[in-house]
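Okay, input18.txt is below, compact mmCIF, C-alpha atoms:
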# COMPACT_ATOMS: atom_id res chain seq x y z
CA MET B 1 0.00 0.00 0.00
CA THR B 2 1.66 3.22 -1.15
CA THR B 3 2.24 5.82 1.56
CA PRO B 4 0.65 9.14 0.55
CA GLN B 5 2.69 12.33 0.22
CA PHE B 6 1.67 15.56 1.93
CA SER B 7 2.81 19.20 2.14
CA THR B 8 2.33 20.23 5.79
CA ILE B 9 2.92 16.82 7.35
CA SER B 10 5.02 13.78 6.54
CA LEU B 11 3.94 10.16 7.01
CA GLU B 12 6.59 7.47 7.39
CA ILE B 13 5.96 3.76 7.99
CA ASP B 14 8.68 1.47 9.28
CA ASP B 15 8.47 -1.95 10.95
CA GLY B 16 4.75 -1.63 11.64
CA ILE B 17 4.95 1.87 13.13
CA ALA B 18 3.60 4.92 11.32
CA THR B 19 5.05 8.29 12.26
CA LEU B 20 3.01 11.38 11.44
CA TRP B 21 5.40 14.34 11.50
CA LEU B 22 3.92 17.82 11.76
CA ASP B 23 6.24 19.26 9.16
CA ARG B 24 6.30 23.06 9.02
CA PRO B 25 9.41 23.59 11.13
CA ASP B 26 9.96 27.13 9.80
CA ARG B 27 6.53 28.04 11.29
CA MET B 28 6.94 25.91 14.45
CA ASN B 29 4.48 23.48 12.85
CA ALA B 30 1.64 25.98 13.19
CA PHE B 31 -1.75 24.51 12.34
CA THR B 32 -3.52 25.42 9.09
CA PRO B 33 -6.68 24.23 7.29
CA GLN B 34 -4.45 22.25 4.93
CA MET B 35 -2.73 20.54 7.86
CA LYS B 36 -6.18 19.63 9.19
CA ASP B 37 -7.12 17.96 5.90
CA GLU B 38 -3.78 16.16 5.63
CA MET B 39 -3.88 14.83 9.19
CA ILE B 40 -7.35 13.41 8.59
CA ALA B 41 -6.17 11.80 5.35
CA ALA B 42 -3.14 10.33 7.13
CA PHE B 43 -5.34 8.63 9.74
CA ASP B 44 -7.59 7.33 6.98
CA HIS B 45 -4.50 5.72 5.50
CA THR B 46 -3.16 4.23 8.74
CA ASP B 47 -6.54 2.69 9.53
CA ALA B 48 -6.76 1.09 6.10
CA ASN B 49 -3.16 -0.14 6.03
CA ASP B 50 -2.76 -3.51 7.78
CA ASP B 51 1.01 -3.02 7.86
CA VAL B 52 0.49 -0.26 10.44
CA ARG B 53 0.19 -1.44 14.04
CA ALA B 54 0.47 1.95 15.82
CA VAL B 55 0.78 5.65 15.02
CA ILE B 56 3.21 8.16 16.56
CA VAL B 57 2.47 11.88 16.18
CA THR B 58 5.39 14.26 16.68
CA GLY B 59 6.81 17.50 15.33
CA ARG B 60 9.69 18.29 13.02
CA GLY B 61 12.21 20.77 14.42
CA ARG B 62 12.06 22.47 17.80
CA ALA B 63 8.27 22.63 18.26
CA PHE B 64 5.46 20.11 18.38
CA CYS B 65 2.83 22.62 17.25
CA ALA B 66 2.79 26.28 18.27
CA GLY B 67 -0.98 26.56 17.72
CA ALA B 68 -2.95 28.09 14.89
CA ASP B 69 -0.99 29.92 12.22
CA LEU B 70 -1.58 33.60 13.03
CA ALA B 71 -0.52 34.92 9.62
CA LYS B 72 -3.98 36.43 9.06
CA GLY B 73 -3.66 38.57 12.16
CA GLY B 74 -6.84 39.60 13.93
CA ASP B 75 -9.01 37.68 11.46
CA THR B 76 -7.30 34.35 12.23
CA PHE B 77 -10.24 32.99 14.19
CA ASP B 78 -13.04 34.63 12.17
CA TYR B 79 -14.49 31.53 10.57
CA ASP B 80 -17.01 33.51 8.53
CA LYS B 81 -14.13 35.00 6.52
CA ARG B 82 -12.53 31.69 5.62
CA GLN B 83 -12.76 30.54 2.03
CA GLY B 84 -13.49 26.99 0.90
CA GLU B 85 -14.33 25.64 4.36
CA ASP B 86 -17.39 24.67 6.34
CA HIS B 87 -17.22 27.73 8.57
CA ARG B 88 -19.64 26.16 11.08
CA ARG B 89 -17.13 23.52 12.16
CA ASP B 90 -13.92 23.93 14.12
CA GLY B 91 -11.04 22.39 12.15
CA GLY B 92 -9.21 21.25 15.26
CA GLY B 93 -12.30 19.36 16.33
CA GLN B 94 -12.42 17.56 13.01
CA VAL B 95 -8.86 16.36 13.64
CA THR B 96 -9.46 15.22 17.22
CA LEU B 97 -12.65 13.41 16.25
CA ARG B 98 -10.70 11.58 13.52
CA ILE B 99 -8.00 10.58 15.99
CA TYR B 100 -10.73 9.42 18.39
CA ARG B 101 -12.03 7.10 15.65
CA SER B 102 -8.59 5.60 14.96
CA LEU B 103 -8.44 1.81 14.93
CA LYS B 104 -4.72 1.84 15.74
CA PRO B 105 -3.11 3.00 19.01
CA VAL B 106 -1.92 6.61 18.88
CA ILE B 107 1.11 7.89 20.80
CA GLY B 108 1.93 11.59 21.09
CA ALA B 109 5.67 12.32 21.25
CA ILE B 110 5.63 15.96 22.30
CA ASN B 111 9.03 17.25 21.26
CA GLY B 112 8.67 20.98 22.00
CA ALA B 113 6.18 23.82 22.32
CA ALA B 114 2.58 22.56 22.26
CA VAL B 115 0.17 25.47 22.52
CA GLY B 116 -3.48 25.95 21.58
CA ILE B 117 -4.42 23.31 19.02
CA GLY B 118 -0.91 21.93 19.60
CA ALA B 119 -2.09 21.02 23.11
CA THR B 120 -5.68 20.02 22.37
CA MET B 121 -4.91 17.73 19.41
CA GLN B 122 -3.00 15.52 21.85
CA LEU B 123 -6.00 14.74 24.03
CA PRO B 124 -7.52 11.85 22.00
CA MET B 125 -4.10 10.23 21.70
CA ASP B 126 -3.86 7.15 23.90
CA ILE B 127 -0.52 7.91 25.53
CA ARG B 128 1.53 11.09 25.50
CA ILE B 129 5.22 11.29 26.30
CA ALA B 130 7.23 14.50 26.18
CA ALA B 131 10.69 15.97 25.94
CA ASP B 132 11.69 17.36 29.32
CA ASN B 133 12.03 20.84 27.79
CA ALA B 134 8.58 20.84 26.13
CA LYS B 135 5.99 23.47 27.07
CA PHE B 136 2.21 23.33 27.01
CA GLY B 137 -0.53 25.94 27.01
CA PHE B 138 -4.30 26.05 26.70
CA VAL B 139 -4.03 29.73 25.82
CA PHE B 140 -7.45 30.37 24.29
CA ALA B 141 -8.78 32.87 26.85
CA ARG B 142 -5.61 34.96 26.34
CA ARG B 143 -6.45 35.16 22.63
CA GLY B 144 -10.05 36.18 23.29
CA ILE B 145 -11.48 32.83 22.17
CA THR B 146 -12.40 29.62 23.97
CA LEU B 147 -11.76 25.89 23.99
CA GLU B 148 -11.73 24.09 20.63
CA ALA B 149 -10.93 20.67 19.19
CA ALA B 150 -13.62 19.06 21.42
CA SER B 151 -11.27 19.68 24.35
CA SER B 152 -14.17 20.57 26.63
CA TRP B 153 -14.97 16.83 26.41
CA PHE B 154 -11.43 15.42 26.35
CA LEU B 155 -9.49 17.59 28.80
CA THR B 156 -11.44 16.91 31.98
CA ARG B 157 -11.34 13.18 31.25
CA THR B 158 -7.55 13.40 31.01
CA VAL B 159 -6.55 15.65 33.94
CA GLY B 160 -9.76 16.27 35.92
CA MET B 161 -11.99 19.30 36.23
CA SER B 162 -9.91 21.48 38.58
CA THR B 163 -6.70 21.22 36.57
CA ALA B 164 -8.58 21.75 33.30
CA LEU B 165 -10.23 24.91 34.63
CA GLU B 166 -6.98 26.25 36.09
CA TRP B 167 -5.06 25.80 32.86
CA CYS B 168 -7.86 27.19 30.68
CA TYR B 169 -8.82 30.15 32.87
CA SER B 170 -5.24 31.40 33.15
CA GLY B 171 -4.10 30.45 29.66
CA ARG B 172 -0.59 30.24 31.04
CA VAL B 173 2.18 28.25 29.39
CA PHE B 174 3.52 25.58 31.75
CA PRO B 175 6.53 23.24 31.67
CA ALA B 176 6.63 19.54 30.86
CA SER B 177 7.26 18.78 34.53
CA GLU B 178 3.82 20.16 35.44
CA ALA B 179 2.19 18.29 32.54
CA HIS B 180 3.74 15.13 33.94
CA GLU B 181 2.72 15.83 37.54
CA ARG B 182 -0.89 16.51 36.52
CA GLY B 183 -1.18 13.42 34.30
CA LEU B 184 -1.24 15.02 30.86
CA VAL B 185 1.89 13.10 29.84
CA ARG B 186 3.06 9.63 30.89
CA SER B 187 6.80 10.22 31.03
CA LEU B 188 9.55 12.75 30.30
CA HIS B 189 12.64 12.11 28.20
CA ALA B 190 15.76 13.88 27.05
CA PRO B 191 14.92 15.52 23.70
CA GLU B 192 17.33 13.33 21.78
CA ALA B 193 15.83 10.16 23.32
CA LEU B 194 12.13 11.04 22.89
CA TYR B 195 11.44 9.54 19.47
CA ASP B 196 13.22 6.26 20.24
CA ALA B 197 11.19 6.01 23.45
CA ALA B 198 7.99 6.48 21.45
CA VAL B 199 8.97 3.76 18.97
CA ALA B 200 9.87 1.37 21.80
CA LEU B 201 6.51 2.05 23.45
CA ALA B 202 4.65 1.46 20.18
CA HIS B 203 6.30 -1.93 19.81
CA GLU B 204 5.61 -2.80 23.45
CA LEU B 205 1.92 -2.05 22.96
CA THR B 206 1.42 -3.96 19.72
CA ASP B 207 4.08 -6.56 18.91
CA GLU B 208 2.49 -9.50 20.73
CA SER B 209 -1.20 -8.59 20.52
CA ALA B 210 -3.83 -9.29 17.88
CA PRO B 211 -4.46 -6.20 15.71
CA VAL B 212 -8.24 -6.70 15.62
CA SER B 213 -8.33 -7.11 19.40
CA ILE B 214 -6.35 -3.88 19.78
CA ALA B 215 -8.67 -2.00 17.43
CA MET B 216 -11.76 -3.21 19.27
CA THR B 217 -10.20 -2.50 22.67
CA ARG B 218 -9.30 1.06 21.70
CA GLN B 219 -12.80 1.88 20.57
CA LEU B 220 -14.50 0.07 23.46
CA LEU B 221 -12.48 1.92 26.10
CA TRP B 222 -12.79 5.34 24.50
CA ARG B 223 -16.51 5.02 23.84
CA MET B 224 -17.65 3.19 26.97
CA HIS B 225 -15.95 5.40 29.56
CA ALA B 226 -18.51 8.13 28.91
CA GLN B 227 -21.56 5.88 29.21
CA GLY B 228 -23.97 6.31 32.10
CA HIS B 229 -23.99 2.74 33.48
CA PRO B 230 -21.66 -0.28 33.30
CA MET B 231 -24.56 -2.22 31.79
CA ASP B 232 -23.94 -0.27 28.57
CA ALA B 233 -20.44 -1.71 28.46
CA HIS B 234 -21.63 -5.16 29.51
CA ARG B 235 -23.94 -5.34 26.50
CA ILE B 236 -21.13 -4.51 24.07
CA ASP B 237 -18.48 -6.55 25.90
CA SER B 238 -20.70 -9.63 25.71
CA GLN B 239 -20.98 -9.37 21.94
CA ALA B 240 -17.28 -8.56 21.59
CA ILE B 241 -16.04 -11.55 23.57
CA ARG B 242 -18.39 -13.86 21.66
CA ALA B 243 -17.17 -12.54 18.32
CA ARG B 244 -13.51 -12.76 19.27
CA GLY B 245 -13.91 -16.12 21.01
CA ARG B 246 -14.86 -17.86 17.78
CA SER B 247 -12.21 -16.11 15.67
CA GLU B 248 -9.09 -17.60 14.20
CA ASP B 249 -7.12 -15.14 16.32
CA ALA B 250 -8.49 -16.69 19.53
CA LYS B 251 -7.55 -20.17 18.36
CA GLU B 252 -4.05 -18.97 17.50
CA GLY B 253 -3.69 -17.06 20.77
CA VAL B 254 -4.43 -20.15 22.86
CA SER B 255 -2.42 -22.52 20.67
CA SER B 256 0.66 -20.29 20.69
CA PHE B 257 0.48 -19.98 24.48
CA LEU B 258 0.21 -23.75 25.00
CA GLU B 259 2.98 -24.41 22.48
CA LYS B 260 5.18 -21.67 23.99
CA ARG B 261 5.79 -19.86 20.70
CA PRO B 262 5.07 -16.38 19.34
CA ALA B 263 1.55 -15.94 18.02
CA ARG B 264 0.86 -15.35 14.34
CA PHE B 265 -2.56 -13.73 14.34
CA PRO B 266 -4.31 -14.12 10.96
CA ASN B 267 -7.19 -11.64 11.28
CA ARG B 268 -6.85 -8.13 9.81
CA VAL B 269 -8.38 -4.82 10.83
CA SER B 270 -9.26 -3.97 7.23
CA THR B 271 -11.40 -7.09 6.74
CA ASP B 272 -12.19 -8.82 10.03
CA MET B 273 -13.73 -6.31 12.43
CA PRO B 274 -17.01 -7.84 13.70
CA ASP B 275 -20.15 -6.21 12.36
CA PHE B 276 -22.30 -6.05 15.53
CA PHE B 277 -21.05 -2.50 16.25
CA ASP B 278 -20.20 0.55 14.15
CA TRP B 279 -16.59 0.89 15.31
CA GLN B 280 -16.07 4.32 13.74
CA HIS B 281 -19.52 5.80 14.28
CA GLU B 282 -19.69 9.59 14.40
CA PRO B 283 -22.95 11.46 15.01
CA PRO B 284 -23.86 14.11 12.43
CA PHE B 285 -22.81 17.71 13.05
CA ASP B 286 -25.94 19.81 13.59
CA ASP B 287 -25.44 23.38 14.78
Encoded form using structure tokens:
Amino acid sequence: MTTPQFSTISLEIDDGIATLWLDRPDRMNAFTPQMKDEMIAAFDHTDANDDVRAVIVTGRGRAFCAGADLAKGGDTFDYDKRQGEDHRRDGGGQVTLRIYRSLKPVIGAINGAAVGIGATMQLPMDIRIAADNAKFGFVFARRGITLEAASSWFLTRTVGMSTALEWCYSGRVFPASEAHERGLVRSLHAPEALYDAAVALAHELTDESAPVSIAMTRQLLWRMHAQGHPMDAHRIDSQAIRARGRSEDAKEGVSSFLEKRPARFPNRVSTDMPDFFDWQHEPPFDD
């Protein structure tokens, strides 16, 4: 499957790991409508490509993403003046909703400044690790705007209500050490060691597990944690374990364990997701 080429990002696939590089280093990887479209297309590709087991998102150069590109000055956030876009919808939210629907694990490797959309796009990523000199900021109130990228849903689920309100009220930029202490990132690394740590983590998460089981697990956990009662999860879990229990993957998983050998799971995400649930369902946008 040919890896697509982009202008504002780069997508590289090696040994089962896809790396999505935010690739505007001369602009500190500032976010643009084109970057939005290309990130969505990249996740479409990684979901469809069975050679991809996990996705790493990181930045080229000294920044992860310095937020929205402010080249338009005071009109930057005036959606009514944008050409060729659905001005009703926040572009950052379209990206985070696409990441949320990913069938592959997503790791954020936050290599530098991550401000505005650079901070909020991380929230639907499964695990975030950061360079120890990275900085974060939910700076929207300081720009006269408010939360975007569906972060009013994601942020409190990641760091809790009090921390989310503190960071968003003040709009202050804070160090990686605080992001780590408050649970936004899993671990801190020397800048030169960050990417290798992300690759090692991606392999740890996926090398010995069935791809279809991982895809189902990701969507079950993300979608069920917001349900009102554990019965909602029980209904879906019951169908999921039945579907997986009769699969060739389950037979191989047990056989490989008993025979003390590595498993060779035959099922593929592109063809073998069970059909009792719409794994990438997204409600319509109605404003």
Would you give me, as JSON lines, each residue of range 201-221 of chain B having an atom within 10 Å of an atom of range 17-33 of chain B, along with its shortest atom pair and that distance in Å to one decimal, using all atoms listed in the file and sorting by chain and residue number?
{"residue": "B:Ala202", "atom": "CA", "partner": "B:Ile17", "partner_atom": "CA", "distance": 7.1}
{"residue": "B:His203", "atom": "CA", "partner": "B:Ile17", "partner_atom": "CA", "distance": 7.8}
{"residue": "B:Thr206", "atom": "CA", "partner": "B:Ile17", "partner_atom": "CA", "distance": 9.5}
Selection near Lys135 in chain B, 8 Å with all atoms listed in the file, sequence-local residues under 2 positions removed, as a PyMOL selection string: chain B and resi 112-115+133+137+173-176
Nearest to Arg268 in chain B by atom-to-atom distance, counting all atoms listed in the file, from B:Ala119, B:Ala200, B:Leu97, B:Leu103: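 Checking each of B:Ala119, B:Ala200, B:Leu97, B:Leu103 against Arg268 in chain B, counting all atoms listed in the file, the winner is B:Leu103.
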Pairwise distance for CA of Pro262 in chain B and CA of Glu12 in chain B, rounded to one decimal in Å: 26.7 Å
Atomic separation - CA of Val269 in chain B relative to CA of Asp237 in chain B, Å: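 Atom-to-atom, CA of Asp237 in chain B to CA of Val269 in chain B, that is 18.2 Å.
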Straight-line distance linking CA of Asp37 in chain B with CA of Val139 in chain B, stated in Å to one decimal: 23.3 Å
Write out as a tab-separated table a residue-level contact list of range 10-119 of chain B versus range 190-193 of chain B with cut-off 12 Å: for each qualifying residue the closest pair of atoms and the distance in Å to one decimal, counting all atoms listed in the file, rows sorted by chain and residue number upward.
residue	atom	partner	partner_atom	distance
B:Thr58	CA	B:Pro191	CA	11.9
B:Gly59	CA	B:Pro191	CA	11.8
B:Gly61	CA	B:Pro191	CA	11.0
B:Arg62	CA	B:Pro191	CA	9.6
B:Ala63	CA	B:Pro191	CA	11.2
B:Phe64	CA	B:Pro191	CA	11.8
B:Ala109	CA	B:Pro191	CA	10.1
B:Ile110	CA	B:Pro191	CA	9.4
B:Asn111	CA	B:Pro191	CA	6.6
B:Gly112	CA	B:Pro191	CA	8.5
Hey, can you spit out that residue selection with C-alpha atoms as an mmCIF file, in the frame of the given file?
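Resulting contents of part21.cif:
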data_model
loop_
_atom_site.group_PDB
_atom_site.id
_atom_site.type_symbol
_atom_site.label_atom_id
_atom_site.label_comp_id
_atom_site.auth_asym_id
_atom_site.auth_seq_id
_atom_site.Cartn_x
_atom_site.Cartn_y
_atom_site.Cartn_z
ATOM 1 C CA THR B 58 5.390 14.260 16.680
ATOM 2 C CA GLY B 59 6.810 17.500 15.330
ATOM 3 C CA GLY B 61 12.210 20.770 14.420
ATOM 4 C CA ARG B 62 12.060 22.470 17.800
ATOM 5 C CA ALA B 63 8.270 22.630 18.260
ATOM 6 C CA PHE B 64 5.460 20.110 18.380
ATOM 7 C CA ALA B 109 5.670 12.320 21.250
ATOM 8 C CA ILE B 110 5.630 15.960 22.300
ATOM 9 C CA ASN B 111 9.030 17.250 21.260
ATOM 10 C CA GLY B 112 8.670 20.980 22.000
#
Protein and nucleic acid residues near (1.3, 27.0, 17.6) (cut-off 6 Å, all atoms listed in the file) as a count of residues only: 7
Of the listed residues B:Val57, B:Glu208, B:Val185, B:Met216, that which approaches Arg261 in chain B most closely, counting only C-alpha atoms: B:Glu208
Can you give me all heavy atoms for range 140-151 of chain B, written as a PDB file, in the frame of the given file?
ATOM      1  N   PHE B 140      -6.334  29.809  25.050  1.00  0.00           N
ATOM      2  CA  PHE B 140      -7.450  30.370  24.290  1.00  0.00           C
ATOM      3  C   PHE B 140      -8.013  31.651  24.900  1.00  0.00           C
ATOM      4  O   PHE B 140      -8.292  32.616  24.190  1.00  0.00           O
ATOM      5  CB  PHE B 140      -8.542  29.310  24.140  1.00  0.00           C
ATOM      6  CG  PHE B 140      -8.008  28.017  23.596  1.00  0.00           C
ATOM      7  CD1 PHE B 140      -7.807  26.919  24.422  1.00  0.00           C
ATOM      8  CD2 PHE B 140      -7.650  27.908  22.260  1.00  0.00           C
ATOM      9  CE1 PHE B 140      -7.278  25.738  23.928  1.00  0.00           C
ATOM     10  CE2 PHE B 140      -7.123  26.737  21.757  1.00  0.00           C
ATOM     11  CZ  PHE B 140      -6.935  25.651  22.599  1.00  0.00           C
ATOM     12  N   ALA B 141      -8.207  31.676  26.218  1.00  0.00           N
ATOM     13  CA  ALA B 141      -8.780  32.870  26.850  1.00  0.00           C
ATOM     14  C   ALA B 141      -7.859  34.077  26.673  1.00  0.00           C
ATOM     15  O   ALA B 141      -8.329  35.222  26.612  1.00  0.00           O
ATOM     16  CB  ALA B 141      -9.036  32.619  28.329  1.00  0.00           C
ATOM     17  N   ARG B 142      -6.550  33.856  26.566  1.00  0.00           N
ATOM     18  CA  ARG B 142      -5.610  34.960  26.340  1.00  0.00           C
ATOM     19  C   ARG B 142      -5.661  35.471  24.901  1.00  0.00           C
ATOM     20  O   ARG B 142      -5.091  36.527  24.613  1.00  0.00           O
ATOM     21  CB  ARG B 142      -4.184  34.523  26.695  1.00  0.00           C
ATOM     22  CG  ARG B 142      -3.984  34.264  28.179  1.00  0.00           C
ATOM     23  CD  ARG B 142      -2.521  34.176  28.539  1.00  0.00           C
ATOM     24  NE  ARG B 142      -2.341  33.959  29.973  1.00  0.00           N
ATOM     25  CZ  ARG B 142      -1.185  34.106  30.622  1.00  0.00           C
ATOM     26  NH1 ARG B 142      -0.104  34.476  29.948  1.00  0.00           N
ATOM     27  NH2 ARG B 142      -1.112  33.881  31.913  1.00  0.00           N
ATOM     28  N   ARG B 143      -6.284  34.718  24.014  1.00  0.00           N
ATOM     29  CA  ARG B 143      -6.450  35.160  22.630  1.00  0.00           C
ATOM     30  C   ARG B 143      -7.878  35.633  22.372  1.00  0.00           C
ATOM     31  O   ARG B 143      -8.253  35.896  21.239  1.00  0.00           O
ATOM     32  CB  ARG B 143      -6.109  34.020  21.656  1.00  0.00           C
ATOM     33  CG  ARG B 143      -4.719  33.427  21.826  1.00  0.00           C
ATOM     34  CD  ARG B 143      -3.597  34.377  21.466  1.00  0.00           C
ATOM     35  NE  ARG B 143      -2.310  33.724  21.681  1.00  0.00           N
ATOM     36  CZ  ARG B 143      -1.595  33.821  22.809  1.00  0.00           C
ATOM     37  NH1 ARG B 143      -2.054  34.565  23.823  1.00  0.00           N
ATOM     38  NH2 ARG B 143      -0.453  33.189  22.937  1.00  0.00           N
ATOM     39  N   GLY B 144      -8.686  35.700  23.433  1.00  0.00           N
ATOM     40  CA  GLY B 144     -10.050  36.180  23.290  1.00  0.00           C
ATOM     41  C   GLY B 144     -11.006  35.163  22.702  1.00  0.00           C
ATOM     42  O   GLY B 144     -12.100  35.526  22.266  1.00  0.00           O
ATOM     43  N   ILE B 145     -10.602  33.877  22.683  1.00  0.00           N
ATOM     44  CA  ILE B 145     -11.480  32.830  22.170  1.00  0.00           C
ATOM     45  C   ILE B 145     -11.727  31.818  23.292  1.00  0.00           C
ATOM     46  O   ILE B 145     -11.599  32.146  24.466  1.00  0.00           O
ATOM     47  CB  ILE B 145     -10.906  32.176  20.895  1.00  0.00           C
ATOM     48  CG1 ILE B 145      -9.499  31.611  21.138  1.00  0.00           C
ATOM     49  CG2 ILE B 145     -10.874  33.189  19.753  1.00  0.00           C
ATOM     50  CD1 ILE B 145      -8.968  30.786  19.983  1.00  0.00           C
ATOM     51  N   THR B 146     -12.102  30.625  22.945  1.00  0.00           N
ATOM     52  CA  THR B 146     -12.400  29.620  23.970  1.00  0.00           C
ATOM     53  C   THR B 146     -11.944  28.253  23.476  1.00  0.00           C
ATOM     54  O   THR B 146     -11.361  28.120  22.402  1.00  0.00           O
ATOM     55  CB  THR B 146     -13.904  29.624  24.304  1.00  0.00           C
ATOM     56  OG1 THR B 146     -14.137  28.806  25.455  1.00  0.00           O
ATOM     57  CG2 THR B 146     -14.731  29.120  23.140  1.00  0.00           C
ATOM     58  N   LEU B 147     -12.202  27.247  24.304  1.00  0.00           N
ATOM     59  CA  LEU B 147     -11.760  25.890  23.990  1.00  0.00           C
ATOM     60  C   LEU B 147     -12.242  25.439  22.614  1.00  0.00           C
ATOM     61  O   LEU B 147     -13.344  25.786  22.185  1.00  0.00           O
ATOM     62  CB  LEU B 147     -12.308  24.921  25.037  1.00  0.00           C
ATOM     63  CG  LEU B 147     -11.719  25.030  26.447  1.00  0.00           C
ATOM     64  CD1 LEU B 147     -12.564  24.207  27.411  1.00  0.00           C
ATOM     65  CD2 LEU B 147     -10.285  24.541  26.445  1.00  0.00           C
ATOM     66  N   GLU B 148     -11.403  24.645  21.935  1.00  0.00           N
ATOM     67  CA  GLU B 148     -11.730  24.090  20.630  1.00  0.00           C
ATOM     68  C   GLU B 148     -11.290  22.636  20.597  1.00  0.00           C
ATOM     69  O   GLU B 148     -10.897  22.078  21.615  1.00  0.00           O
ATOM     70  CB  GLU B 148     -11.073  24.918  19.518  1.00  0.00           C
ATOM     71  CG  GLU B 148      -9.639  25.339  19.807  1.00  0.00           C
ATOM     72  CD  GLU B 148      -8.665  24.201  19.761  1.00  0.00           C
ATOM     73  OE1 GLU B 148      -8.127  23.907  18.680  1.00  0.00           O
ATOM     74  OE2 GLU B 148      -8.429  23.585  20.833  1.00  0.00           O
ATOM     75  N   ALA B 149     -11.404  22.045  19.417  1.00  0.00           N
ATOM     76  CA  ALA B 149     -10.930  20.670  19.190  1.00  0.00           C
ATOM     77  C   ALA B 149     -11.600  19.663  20.134  1.00  0.00           C
ATOM     78  O   ALA B 149     -10.998  18.658  20.510  1.00  0.00           O
ATOM     79  CB  ALA B 149      -9.412  20.585  19.299  1.00  0.00           C
ATOM     80  N   ALA B 150     -12.858  19.929  20.500  1.00  0.00           N
ATOM     81  CA  ALA B 150     -13.620  19.060  21.420  1.00  0.00           C
ATOM     82  C   ALA B 150     -12.921  18.884  22.755  1.00  0.00           C
ATOM     83  O   ALA B 150     -13.189  17.935  23.491  1.00  0.00           O
ATOM     84  CB  ALA B 150     -13.916  17.708  20.765  1.00  0.00           C
ATOM     85  N   SER B 151     -12.031  19.826  23.110  1.00  0.00           N
ATOM     86  CA  SER B 151     -11.270  19.680  24.350  1.00  0.00           C
ATOM     87  C   SER B 151     -12.119  19.855  25.592  1.00  0.00           C
ATOM     88  O   SER B 151     -11.732  19.404  26.681  1.00  0.00           O
ATOM     89  CB  SER B 151     -10.083  20.655  24.372  1.00  0.00           C
ATOM     90  OG  SER B 151     -10.502  21.986  24.147  1.00  0.00           O
TER      91      SER B 151
END
